[in-house]
There are 2 protein chains.
Amino acid sequence: METRIDRIKKQLHAASYKLTPQREATVRILLDHEEDHLSAEDVYLLVKDIAPEIGLATVYRTLELLTELKIVDKINFGDGVSRYDLRQEGAAHFHHHLVCLECGAVDEIQEDLLEDVEAVVEKRWNFQIKDHRLTFHGICWRCHDSGPNKPEKDA
Amino acid sequence: METRIDRIKKQLHAASYKLTPQREATVRILLDHEEDHLSAEDVYLLVKDIAPEIGLATVYRTLELLTELKIVDKINFGDGVSRYDLRQEGAAHFHHHLVCLECGAVDEIQEDLLEDVEAVVEKRWNFQIKDHRLTFHGICWRCHDSGPNKPEKDA
DNA sequence: TTTATTATTTAGAATCATTCTTAACTGGTA
DNA sequence: TACCAGTTAAGAATGATTCTAAATAATAAA
């Protein structure tokens with residue numbers, strides 16, 4: 001069966017890049033840490049375990065390449081560090097984030113909630129939307145007064 | 001009549017900070033450059049004209065202070081530089097941005113388009129929203145195939 | 001007023017994330 | 001074999017931001 005790695009390899013080849021061992025190791029780390037919002041440094045430390053000879057600059061270059069190919073999303077929560085998320089396969093857009101001001105947790109919303117808003121923006125502001133970034137800042141269900149009350153699973 | 005500067009002064013005093021000459025000069029620059037998305041460096045260069053003795057660190061500290069008091073919004077378009085916008089008086093939220101991938105222009109949407117979406121998020125993800133950041137990436141009306149066609153004035 | 005206290009500032013050093021440079025290495029190909 | 005484009009590691013360089021130390025200004029107390 002074709003794995004996610006195989007498909008990423010194809011995407012790279014289609015853009016005439018190779019899936020070198022360093023790149024593969026980096027992608028494996030991202031696959032093992034979906035939803036973890038790793039920084040380049042985080043990825044570097046993790047990938048060193050499975051590919052000790054890799055350099056930080058290579059990790060940066062790989063993440064940049066994957067970002068260009070829209071395999072990963074580079075996000076920025078304003079703390080001065082870029083974070084990298086594997087994009088859902090087939091997803092056309094960034095997913096959204098919920099950042100808790102209390103505990104710092106970052107949760108994800110995979111569902112695209114912006115269809116209606118985008119229709120309005122495209123029409124009213126005459127702007128062709130290619131992508132979006134939406135982050136909510138607030139208090140997560142874990143830190144709530146109303147007590148821990150896990151939300152329904154993301155639809 | 002009470003000016004915007006006067007009101008900002010009051011806000012500072014309420015939080016037991018002073019509106020020093022350096023801070024006032026910085027605020028004046030921000031007032032003269034609304035919608036310009038200035039970086040700290042930009043502000044520094046501009047403010048030096050009216051207060052030559054000011055230091056870059058002071059500009060950073062002032063912008064940080066104003067951000068804490070929600071007088072300015074610190075935004076980040078992913079180019080590694082923080083930008084600072086005076087928040088609309090009385091606005092509870094960040095305004096939204098349209099970033100053109102073609103020409104790099106950044107337009108603003110003052111109107112809050114997210115009320116419905118926020119209601120959904122608060123309920124479904126059990127998350128108390130305090131603020132949000134929404135940026136659309138795409139092609140602006142100036143760069144469009146359909147030709148320059150300025151959007152209606154922001155409602 | 002003088003003195004003590006505190007907040008604020010400047011200048012420049014320090015830090016931290018990120019990118020660049022150089023030389024070495026790889027795989028494919030003529 | 002020699003060549004060539006792509007890729008890499010190591011460390012230097014860059015650039016934004018923050019910290020440090022000493023100076024200054026404002027405020028309160030005596």
# chains A, B, ... in the order shown; residues from 1 in each chain; ligands from 1
>>> interface_residues(of="chain D", to="chain B", cutoff="10 Å", atoms="only C-alpha atoms (C1' of nucleotides)", output="ChimeraX atom specification")
/D:15-19,26
>>> write_last_selection(atoms="N, CA, C and O atoms (P, O5', C5', C4', C3', O3' and C1' of nucleotides)", output="compact mmCIF listing (two decimals), in the first residue's frame")
# COMPACT_ATOMS: atom_id res chain seq x y z
P DG D 15 21.17 42.09 7.47
O5' DG D 15 19.80 41.95 8.25
C5' DG D 15 19.18 40.67 8.38
C4' DG D 15 18.18 40.75 9.50
C3' DG D 15 17.88 42.18 10.00
O3' DG D 15 16.51 42.21 10.34
C1' DG D 15 18.70 40.90 11.78
P DA D 16 15.78 43.57 10.70
O5' DA D 16 14.88 43.08 11.92
C5' DA D 16 14.11 41.89 11.75
C4' DA D 16 13.76 41.36 13.12
C3' DA D 16 13.09 42.39 14.04
O3' DA D 16 11.95 41.79 14.62
C1' DA D 16 15.01 41.46 15.09
P DT D 17 11.01 42.63 15.59
O5' DT D 17 11.67 42.34 17.01
C5' DT D 17 11.72 41.00 17.46
C4' DT D 17 12.50 40.93 18.75
C3' DT D 17 12.00 41.84 19.87
O3' DT D 17 11.51 40.99 20.90
C1' DT D 17 14.38 41.83 19.72
P DT D 18 11.01 41.55 22.27
O5' DT D 18 12.32 41.46 23.17
C5' DT D 18 12.95 40.19 23.30
C4' DT D 18 14.11 40.31 24.26
C3' DT D 18 13.76 40.98 25.59
O3' DT D 18 14.29 40.14 26.59
C1' DT D 18 15.65 42.00 24.62
P DC D 19 14.11 40.46 28.13
O5' DC D 19 15.60 40.83 28.53
C5' DC D 19 16.66 39.94 28.17
C4' DC D 19 17.99 40.57 28.54
C3' DC D 19 18.04 41.16 29.95
O3' DC D 19 19.21 40.66 30.56
C1' DC D 19 18.72 42.78 28.34
P DA D 26 10.62 65.22 34.11
O5' DA D 26 9.76 64.45 35.19
C5' DA D 26 9.17 63.20 34.83
C4' DA D 26 8.65 62.55 36.08
C3' DA D 26 7.75 63.45 36.94
O3' DA D 26 6.56 62.73 37.18
C1' DA D 26 9.47 62.48 38.26
>>> interface_residues(of="chain A", to="chain B", cutoff="7 Å", atoms="only C-alpha atoms", output="PDB file with N, CA, C and O atoms, in the first residue's frame")
ATOM      1  N   ASN A  76       2.672  30.969  13.056  1.00  0.00           N
ATOM      2  CA  ASN A  76       3.338  31.955  13.862  1.00  0.00           C
ATOM      3  C   ASN A  76       2.368  32.441  14.919  1.00  0.00           C
ATOM      4  O   ASN A  76       1.391  33.095  14.598  1.00  0.00           O
ATOM      5  N   GLY A  78       3.144  34.447  17.312  1.00  0.00           N
ATOM      6  CA  GLY A  78       3.546  35.738  17.862  1.00  0.00           C
ATOM      7  C   GLY A  78       4.581  35.641  18.965  1.00  0.00           C
ATOM      8  O   GLY A  78       4.901  36.623  19.602  1.00  0.00           O
ATOM      9  N   LEU A 113     -14.330  26.803   8.615  1.00  0.00           N
ATOM     10  CA  LEU A 113     -15.499  27.547   9.084  1.00  0.00           C
ATOM     11  C   LEU A 113     -15.693  28.846   8.319  1.00  0.00           C
ATOM     12  O   LEU A 113     -16.603  29.604   8.593  1.00  0.00           O
ATOM     13  N   VAL A 117     -17.710  33.601   5.205  1.00  0.00           N
ATOM     14  CA  VAL A 117     -16.945  34.840   5.362  1.00  0.00           C
ATOM     15  C   VAL A 117     -16.124  35.119   4.101  1.00  0.00           C
ATOM     16  O   VAL A 117     -16.063  36.247   3.616  1.00  0.00           O
ATOM     17  N   ARG A 124     -17.074  41.697  -1.589  1.00  0.00           N
ATOM     18  CA  ARG A 124     -17.064  43.081  -1.108  1.00  0.00           C
ATOM     19  C   ARG A 124     -15.715  43.768  -1.290  1.00  0.00           C
ATOM     20  O   ARG A 124     -15.640  44.961  -1.596  1.00  0.00           O
ATOM     21  N   TRP A 125     -14.623  43.028  -1.079  1.00  0.00           N
ATOM     22  CA  TRP A 125     -13.310  43.661  -1.167  1.00  0.00           C
ATOM     23  C   TRP A 125     -12.607  43.321  -2.474  1.00  0.00           C
ATOM     24  O   TRP A 125     -11.466  43.664  -2.665  1.00  0.00           O
ATOM     25  N   ASN A 126     -13.313  42.598  -3.320  1.00  0.00           N
ATOM     26  CA  ASN A 126     -12.759  42.272  -4.625  1.00  0.00           C
ATOM     27  C   ASN A 126     -11.363  41.663  -4.488  1.00  0.00           C
ATOM     28  O   ASN A 126     -10.395  42.142  -5.073  1.00  0.00           O
ATOM     29  N   PHE A 127     -11.289  40.627  -3.679  1.00  0.00           N
ATOM     30  CA  PHE A 127     -10.001  40.025  -3.318  1.00  0.00           C
ATOM     31  C   PHE A 127     -10.073  38.520  -3.557  1.00  0.00           C
ATOM     32  O   PHE A 127     -10.946  37.849  -3.011  1.00  0.00           O
ATOM     33  N   GLN A 128      -9.170  38.012  -4.391  1.00  0.00           N
ATOM     34  CA  GLN A 128      -9.151  36.566  -4.682  1.00  0.00           C
ATOM     35  C   GLN A 128      -8.416  35.806  -3.607  1.00  0.00           C
ATOM     36  O   GLN A 128      -7.196  35.803  -3.575  1.00  0.00           O
ATOM     37  N   ILE A 129      -9.138  35.136  -2.747  1.00  0.00           N
ATOM     38  CA  ILE A 129      -8.506  34.467  -1.613  1.00  0.00           C
ATOM     39  C   ILE A 129      -7.819  33.177  -2.039  1.00  0.00           C
ATOM     40  O   ILE A 129      -8.398  32.343  -2.730  1.00  0.00           O
ATOM     41  N   LYS A 130      -6.553  33.042  -1.628  1.00  0.00           N
ATOM     42  CA  LYS A 130      -5.807  31.808  -1.894  1.00  0.00           C
ATOM     43  C   LYS A 130      -5.661  30.977  -0.626  1.00  0.00           C
ATOM     44  O   LYS A 130      -5.578  29.758  -0.678  1.00  0.00           O
ATOM     45  N   ASP A 131      -5.571  31.646   0.477  1.00  0.00           N
ATOM     46  CA  ASP A 131      -5.402  30.948   1.739  1.00  0.00           C
ATOM     47  C   ASP A 131      -5.768  31.895   2.875  1.00  0.00           C
ATOM     48  O   ASP A 131      -6.002  33.085   2.650  1.00  0.00           O
ATOM     49  N   HIS A 132      -5.790  31.352   4.067  1.00  0.00           N
ATOM     50  CA  HIS A 132      -6.157  32.193   5.211  1.00  0.00           C
ATOM     51  C   HIS A 132      -5.475  31.683   6.463  1.00  0.00           C
ATOM     52  O   HIS A 132      -4.991  30.557   6.502  1.00  0.00           O
ATOM     53  N   ARG A 133      -5.438  32.513   7.445  1.00  0.00           N
ATOM     54  CA  ARG A 133      -4.947  32.101   8.755  1.00  0.00           C
ATOM     55  C   ARG A 133      -5.860  32.684   9.801  1.00  0.00           C
ATOM     56  O   ARG A 133      -6.101  33.891   9.832  1.00  0.00           O
ATOM     57  N   LEU A 134      -6.366  31.799  10.611  1.00  0.00           N
ATOM     58  CA  LEU A 134      -7.324  32.230  11.636  1.00  0.00           C
ATOM     59  C   LEU A 134      -6.927  31.614  12.962  1.00  0.00           C
ATOM     60  O   LEU A 134      -6.786  30.399  13.075  1.00  0.00           O
ATOM     61  N   THR A 135      -6.721  32.463  13.933  1.00  0.00           N
ATOM     62  CA  THR A 135      -6.380  31.987  15.277  1.00  0.00           C
ATOM     63  C   THR A 135      -7.270  32.689  16.281  1.00  0.00           C
ATOM     64  O   THR A 135      -7.448  33.906  16.217  1.00  0.00           O
ATOM     65  N   PHE A 136      -7.822  31.910  17.198  1.00  0.00           N
ATOM     66  CA  PHE A 136      -8.591  32.502  18.289  1.00  0.00           C
ATOM     67  C   PHE A 136      -7.755  32.451  19.561  1.00  0.00           C
ATOM     68  O   PHE A 136      -7.096  31.443  19.840  1.00  0.00           O
ATOM     69  N   HIS A 137      -7.796  33.527  20.302  1.00  0.00           N
ATOM     70  CA  HIS A 137      -7.111  33.570  21.584  1.00  0.00           C
ATOM     71  C   HIS A 137      -8.171  33.615  22.671  1.00  0.00           C
ATOM     72  O   HIS A 137      -9.111  34.397  22.568  1.00  0.00           O
ATOM     73  N   GLY A 138      -8.020  32.788  23.668  1.00  0.00           N
ATOM     74  CA  GLY A 138      -9.022  32.781  24.720  1.00  0.00           C
ATOM     75  C   GLY A 138      -8.715  31.727  25.760  1.00  0.00           C
ATOM     76  O   GLY A 138      -7.557  31.380  25.970  1.00  0.00           O
ATOM     77  N   ILE A 139      -9.769  31.225  26.394  1.00  0.00           N
ATOM     78  CA  ILE A 139      -9.592  30.251  27.468  1.00  0.00           C
ATOM     79  C   ILE A 139     -10.135  28.903  27.000  1.00  0.00           C
ATOM     80  O   ILE A 139     -11.292  28.798  26.602  1.00  0.00           O
ATOM     81  N   CYS A 140      -9.290  27.891  27.066  1.00  0.00           N
ATOM     82  CA  CYS A 140      -9.675  26.582  26.531  1.00  0.00           C
ATOM     83  C   CYS A 140     -10.545  25.814  27.523  1.00  0.00           C
ATOM     84  O   CYS A 140     -10.660  26.185  28.693  1.00  0.00           O
ATOM     85  N   TRP A 141     -11.109  24.744  27.053  1.00  0.00           N
ATOM     86  CA  TRP A 141     -12.033  23.955  27.867  1.00  0.00           C
ATOM     87  C   TRP A 141     -11.374  23.401  29.122  1.00  0.00           C
ATOM     88  O   TRP A 141     -12.017  23.189  30.133  1.00  0.00           O
ATOM     89  N   PRO A 151     -14.520  19.133  24.217  1.00  0.00           N
ATOM     90  CA  PRO A 151     -15.457  19.383  23.117  1.00  0.00           C
ATOM     91  C   PRO A 151     -15.683  18.122  22.303  1.00  0.00           C
ATOM     92  O   PRO A 151     -14.883  17.193  22.366  1.00  0.00           O
ATOM     93  N   GLU A 152     -16.759  18.145  21.549  1.00  0.00           N
ATOM     94  CA  GLU A 152     -17.007  17.048  20.608  1.00  0.00           C
ATOM     95  C   GLU A 152     -15.802  16.943  19.687  1.00  0.00           C
ATOM     96  O   GLU A 152     -15.144  17.904  19.406  1.00  0.00           O
TER      97      GLU A 152
END
>>> residues_around(residues="DT26 in chain C", least_positions_apart="2", cutoff="12 Å", atoms="only C-alpha atoms (C1' of nucleotides)", output="ChimeraX atom specification")
/A:18,20-21 /C:24,28 /D:4-8
>>> write_last_selection(atoms="C-alpha atoms (C1' of nucleotides)", output="tab-separated table (two decimals), in the first residue's frame")
chain	number	residue	atom	x	y	z
A	18	LYS	CA	14.59	14.35	-4.07
A	20	THR	CA	16.95	12.52	0.68
A	21	PRO	CA	17.48	10.60	3.92
C	24	DA	C1'	32.48	18.66	0.55
C	28	DG	C1'	23.19	10.35	-12.39
D	4	DC	C1'	27.30	18.41	-13.28
D	5	DA	C1'	23.35	19.69	-10.68
D	6	DG	C1'	21.40	19.07	-6.32
D	7	DT	C1'	22.15	18.57	-1.50
D	8	DT	C1'	24.55	18.68	2.68
>>> closest_residue(among="B:Leu30, B:Asp36, B:Tyr44, B:Ile54", to="Ala105 in chain B", atoms="only C-alpha atoms")
B:Asp36
>>> residues_around(residues="DA4 in chain C", least_positions_apart="4", cutoff="10 Å", atoms="only C-alpha atoms (C1' of nucleotides)", output="list in words")
DA28, DA29 and DA30 of chain D
>>> closest_atom_pairs(of="chain C", to="chain A", cutoff="10 Å", atoms="only C-alpha atoms (C1' of nucleotides)", output="Markdown table")
| residue | atom | partner | partner_atom | distance |
| --- | --- | --- | --- | --- |
| C:DC16 | C1' | A:Gly80 | CA | 9.2 |
| C:DA17 | C1' | A:Val81 | CA | 6.9 |
| C:DT18 | C1' | A:Tyr60 | CA | 8.1 |
| C:DT19 | C1' | A:Ala57 | CA | 8.2 |
| C:DC20 | C1' | A:Ala57 | CA | 9.8 |
>>> atom_distance(atom1="C1' of DT27 in chain D", atom2="C1' of DT6 in chain C")
7.9 Å
>>> residues_around(residues="Ile50 in chain B", least_positions_apart="5", cutoff="12 Å", atoms="only C-alpha atoms (C1' of nucleotides)", output="MDAnalysis selection string")
chainID B and resid 21:29 43:45
>>> write_last_selection(atoms="N, CA and C atoms", output="tab-separated table (two decimals), in the first residue's frame")
chain	number	residue	atom	x	y	z
B	21	PRO	N	7.46	62.02	27.17
B	21	PRO	CA	7.62	62.63	25.85
B	21	PRO	C	7.92	61.57	24.78
B	22	GLN	N	8.75	60.61	25.11
B	22	GLN	CA	9.08	59.56	24.15
B	22	GLN	C	7.83	58.76	23.77
B	23	ARG	N	7.06	58.43	24.78
B	23	ARG	CA	5.84	57.66	24.51
B	23	ARG	C	4.87	58.47	23.68
B	24	GLU	N	4.75	59.76	24.04
B	24	GLU	CA	3.83	60.60	23.28
B	24	GLU	C	4.27	60.71	21.82
B	25	ALA	N	5.57	60.89	21.61
B	25	ALA	CA	6.08	61.00	20.24
B	25	ALA	C	5.76	59.71	19.47
B	26	THR	N	5.96	58.58	20.12
B	26	THR	CA	5.69	57.30	19.46
B	26	THR	C	4.22	57.17	19.09
B	27	VAL	N	3.35	57.55	20.02
B	27	VAL	CA	1.91	57.47	19.74
B	27	VAL	C	1.54	58.40	18.58
B	28	ARG	N	2.15	59.57	18.55
B	28	ARG	CA	1.84	60.52	17.46
B	28	ARG	C	2.20	59.92	16.10
B	29	ILE	N	3.34	59.24	16.06
B	29	ILE	CA	3.72	58.60	14.81
B	29	ILE	C	2.68	57.56	14.41
B	43	VAL	N	8.85	52.65	12.96
B	43	VAL	CA	8.42	53.62	13.96
B	43	VAL	C	9.62	54.37	14.50
B	44	TYR	N	10.66	53.64	14.76
B	44	TYR	CA	11.89	54.25	15.30
B	44	TYR	C	12.41	55.34	14.38
B	45	LEU	N	12.52	55.02	13.09
B	45	LEU	CA	13.05	56.00	12.14
B	45	LEU	C	12.15	57.23	12.06
>>> select_by_dssp(residues="range 15-127 of chain A", states="helix (DSSP H, G or I)", output="ChimeraX atom specification")
/A:21-32,40-50,56-68,115-124
>>> write_last_selection(atoms="N, CA and C atoms", output="CSV table (one decimal), in the first residue's frame")
chain,number,residue,atom,x,y,z
A,21,PRO,N,17.7,11.2,2.6
A,21,PRO,CA,17.5,10.6,3.9
A,21,PRO,C,17.2,11.7,5.0
A,22,GLN,N,17.8,12.8,4.9
A,22,GLN,CA,17.6,13.9,5.8
A,22,GLN,C,16.1,14.4,5.7
A,23,ARG,N,15.7,14.5,4.5
A,23,ARG,CA,14.3,15.0,4.3
A,23,ARG,C,13.3,14.0,4.8
A,24,GLU,N,13.6,12.7,4.5
A,24,GLU,CA,12.7,11.7,4.9
A,24,GLU,C,12.6,11.6,6.4
A,25,ALA,N,13.8,11.7,7.1
A,25,ALA,CA,13.8,11.7,8.6
A,25,ALA,C,12.9,12.9,9.1
A,26,THR,N,13.1,14.0,8.5
A,26,THR,CA,12.4,15.2,8.9
A,26,THR,C,10.9,15.0,8.8
A,27,VAL,N,10.5,14.5,7.6
A,27,VAL,CA,9.0,14.2,7.4
A,27,VAL,C,8.5,13.2,8.4
A,28,ARG,N,9.3,12.2,8.7
A,28,ARG,CA,8.9,11.2,9.7
A,28,ARG,C,8.6,11.8,11.0
A,29,ILE,N,9.5,12.7,11.4
A,29,ILE,CA,9.2,13.4,12.7
A,29,ILE,C,7.9,14.2,12.7
A,30,LEU,N,7.7,14.8,11.6
A,30,LEU,CA,6.4,15.6,11.5
A,30,LEU,C,5.2,14.7,11.5
A,31,LEU,N,5.4,13.5,10.9
A,31,LEU,CA,4.2,12.6,10.9
A,31,LEU,C,4.0,12.1,12.3
A,32,ASP,N,5.1,11.9,13.0
A,32,ASP,CA,4.9,11.4,14.4
A,32,ASP,C,4.4,12.4,15.4
A,40,ALA,N,11.3,24.8,14.5
A,40,ALA,CA,12.4,24.2,13.7
A,40,ALA,C,13.4,23.6,14.7
A,41,GLU,N,13.6,24.2,15.8
A,41,GLU,CA,14.5,23.7,16.9
A,41,GLU,C,14.0,22.4,17.4
A,42,ASP,N,12.7,22.3,17.7
A,42,ASP,CA,12.1,21.1,18.2
A,42,ASP,C,12.3,20.0,17.2
A,43,VAL,N,12.0,20.3,15.9
A,43,VAL,CA,12.2,19.2,14.9
A,43,VAL,C,13.6,18.8,14.8
A,44,TYR,N,14.5,19.7,14.9
A,44,TYR,CA,15.9,19.4,14.8
A,44,TYR,C,16.3,18.4,15.9
A,45,LEU,N,15.9,18.7,17.1
A,45,LEU,CA,16.3,17.9,18.3
A,45,LEU,C,15.7,16.5,18.1
A,46,LEU,N,14.5,16.4,17.6
A,46,LEU,CA,13.8,15.1,17.5
A,46,LEU,C,14.4,14.3,16.3
A,47,VAL,N,14.7,15.0,15.2
A,47,VAL,CA,15.2,14.3,14.1
A,47,VAL,C,16.6,13.8,14.3
A,48,LYS,N,17.4,14.5,15.2
A,48,LYS,CA,18.7,14.1,15.5
A,48,LYS,C,18.8,12.7,16.0
A,49,ASP,N,17.7,12.3,16.7
A,49,ASP,CA,17.6,10.9,17.3
A,49,ASP,C,17.6,9.8,16.2
A,50,ILE,N,17.0,10.1,15.1
A,50,ILE,CA,16.9,9.1,14.0
A,50,ILE,C,17.9,9.4,12.9
A,56,LEU,N,21.1,21.8,11.6
A,56,LEU,CA,19.9,22.6,11.8
A,56,LEU,C,19.5,23.4,10.5
A,57,ALA,N,20.6,23.8,9.8
A,57,ALA,CA,20.3,24.5,8.6
A,57,ALA,C,19.5,23.6,7.6
A,58,THR,N,19.8,22.4,7.6
A,58,THR,CA,19.1,21.4,6.7
A,58,THR,C,17.7,21.3,7.1
A,59,VAL,N,17.5,21.2,8.4
A,59,VAL,CA,16.1,21.2,8.9
A,59,VAL,C,15.3,22.4,8.4
A,60,TYR,N,15.9,23.6,8.6
A,60,TYR,CA,15.3,24.8,8.1
A,60,TYR,C,15.0,24.7,6.6
A,61,ARG,N,16.0,24.3,5.8
A,61,ARG,CA,15.8,24.3,4.4
A,61,ARG,C,14.7,23.3,4.0
A,62,THR,N,14.7,22.1,4.7
A,62,THR,CA,13.7,21.1,4.4
A,62,THR,C,12.3,21.7,4.7
A,63,LEU,N,12.1,22.3,5.9
A,63,LEU,CA,10.8,22.8,6.3
A,63,LEU,C,10.4,23.9,5.3
A,64,GLU,N,11.3,24.7,4.9
A,64,GLU,CA,11.0,25.7,3.9
A,64,GLU,C,10.5,25.1,2.6
A,65,LEU,N,11.2,24.1,2.2
A,65,LEU,CA,10.8,23.4,0.9
A,65,LEU,C,9.4,22.8,1.1
A,66,LEU,N,9.2,22.1,2.2
A,66,LEU,CA,7.9,21.5,2.4
A,66,LEU,C,6.8,22.5,2.5
A,67,THR,N,7.1,23.7,3.0
A,67,THR,CA,6.2,24.8,3.1
A,67,THR,C,5.8,25.3,1.7
A,68,GLU,N,6.8,25.4,0.9
A,68,GLU,CA,6.6,25.9,-0.5
A,68,GLU,C,5.6,24.9,-1.2
A,115,GLU,N,-16.1,29.5,5.0
A,115,GLU,CA,-16.7,29.6,3.6
A,115,GLU,C,-17.5,30.8,3.4
A,116,ASP,N,-18.4,31.0,4.3
A,116,ASP,CA,-19.3,32.2,4.2
A,116,ASP,C,-18.6,33.5,4.2
A,117,VAL,N,-17.7,33.6,5.2
A,117,VAL,CA,-16.9,34.8,5.4
A,117,VAL,C,-16.1,35.1,4.1
A,118,GLU,N,-15.5,34.1,3.6
A,118,GLU,CA,-14.7,34.3,2.4
A,118,GLU,C,-15.5,34.7,1.2
A,119,ALA,N,-16.7,34.2,1.1
A,119,ALA,CA,-17.6,34.6,0.0
A,119,ALA,C,-17.8,36.1,0.1
A,120,VAL,N,-18.1,36.6,1.3
A,120,VAL,CA,-18.3,38.0,1.5
A,120,VAL,C,-17.1,38.8,1.1
A,121,VAL,N,-15.9,38.4,1.6
A,121,VAL,CA,-14.7,39.1,1.4
A,121,VAL,C,-14.3,39.2,-0.1
A,122,GLU,N,-14.5,38.1,-0.8
A,122,GLU,CA,-14.1,38.1,-2.2
A,122,GLU,C,-15.0,39.1,-2.9
A,123,LYS,N,-16.3,39.1,-2.6
A,123,LYS,CA,-17.2,40.0,-3.3
A,123,LYS,C,-17.0,41.4,-2.9
A,124,ARG,N,-17.1,41.7,-1.6
A,124,ARG,CA,-17.1,43.1,-1.1
A,124,ARG,C,-15.7,43.8,-1.3
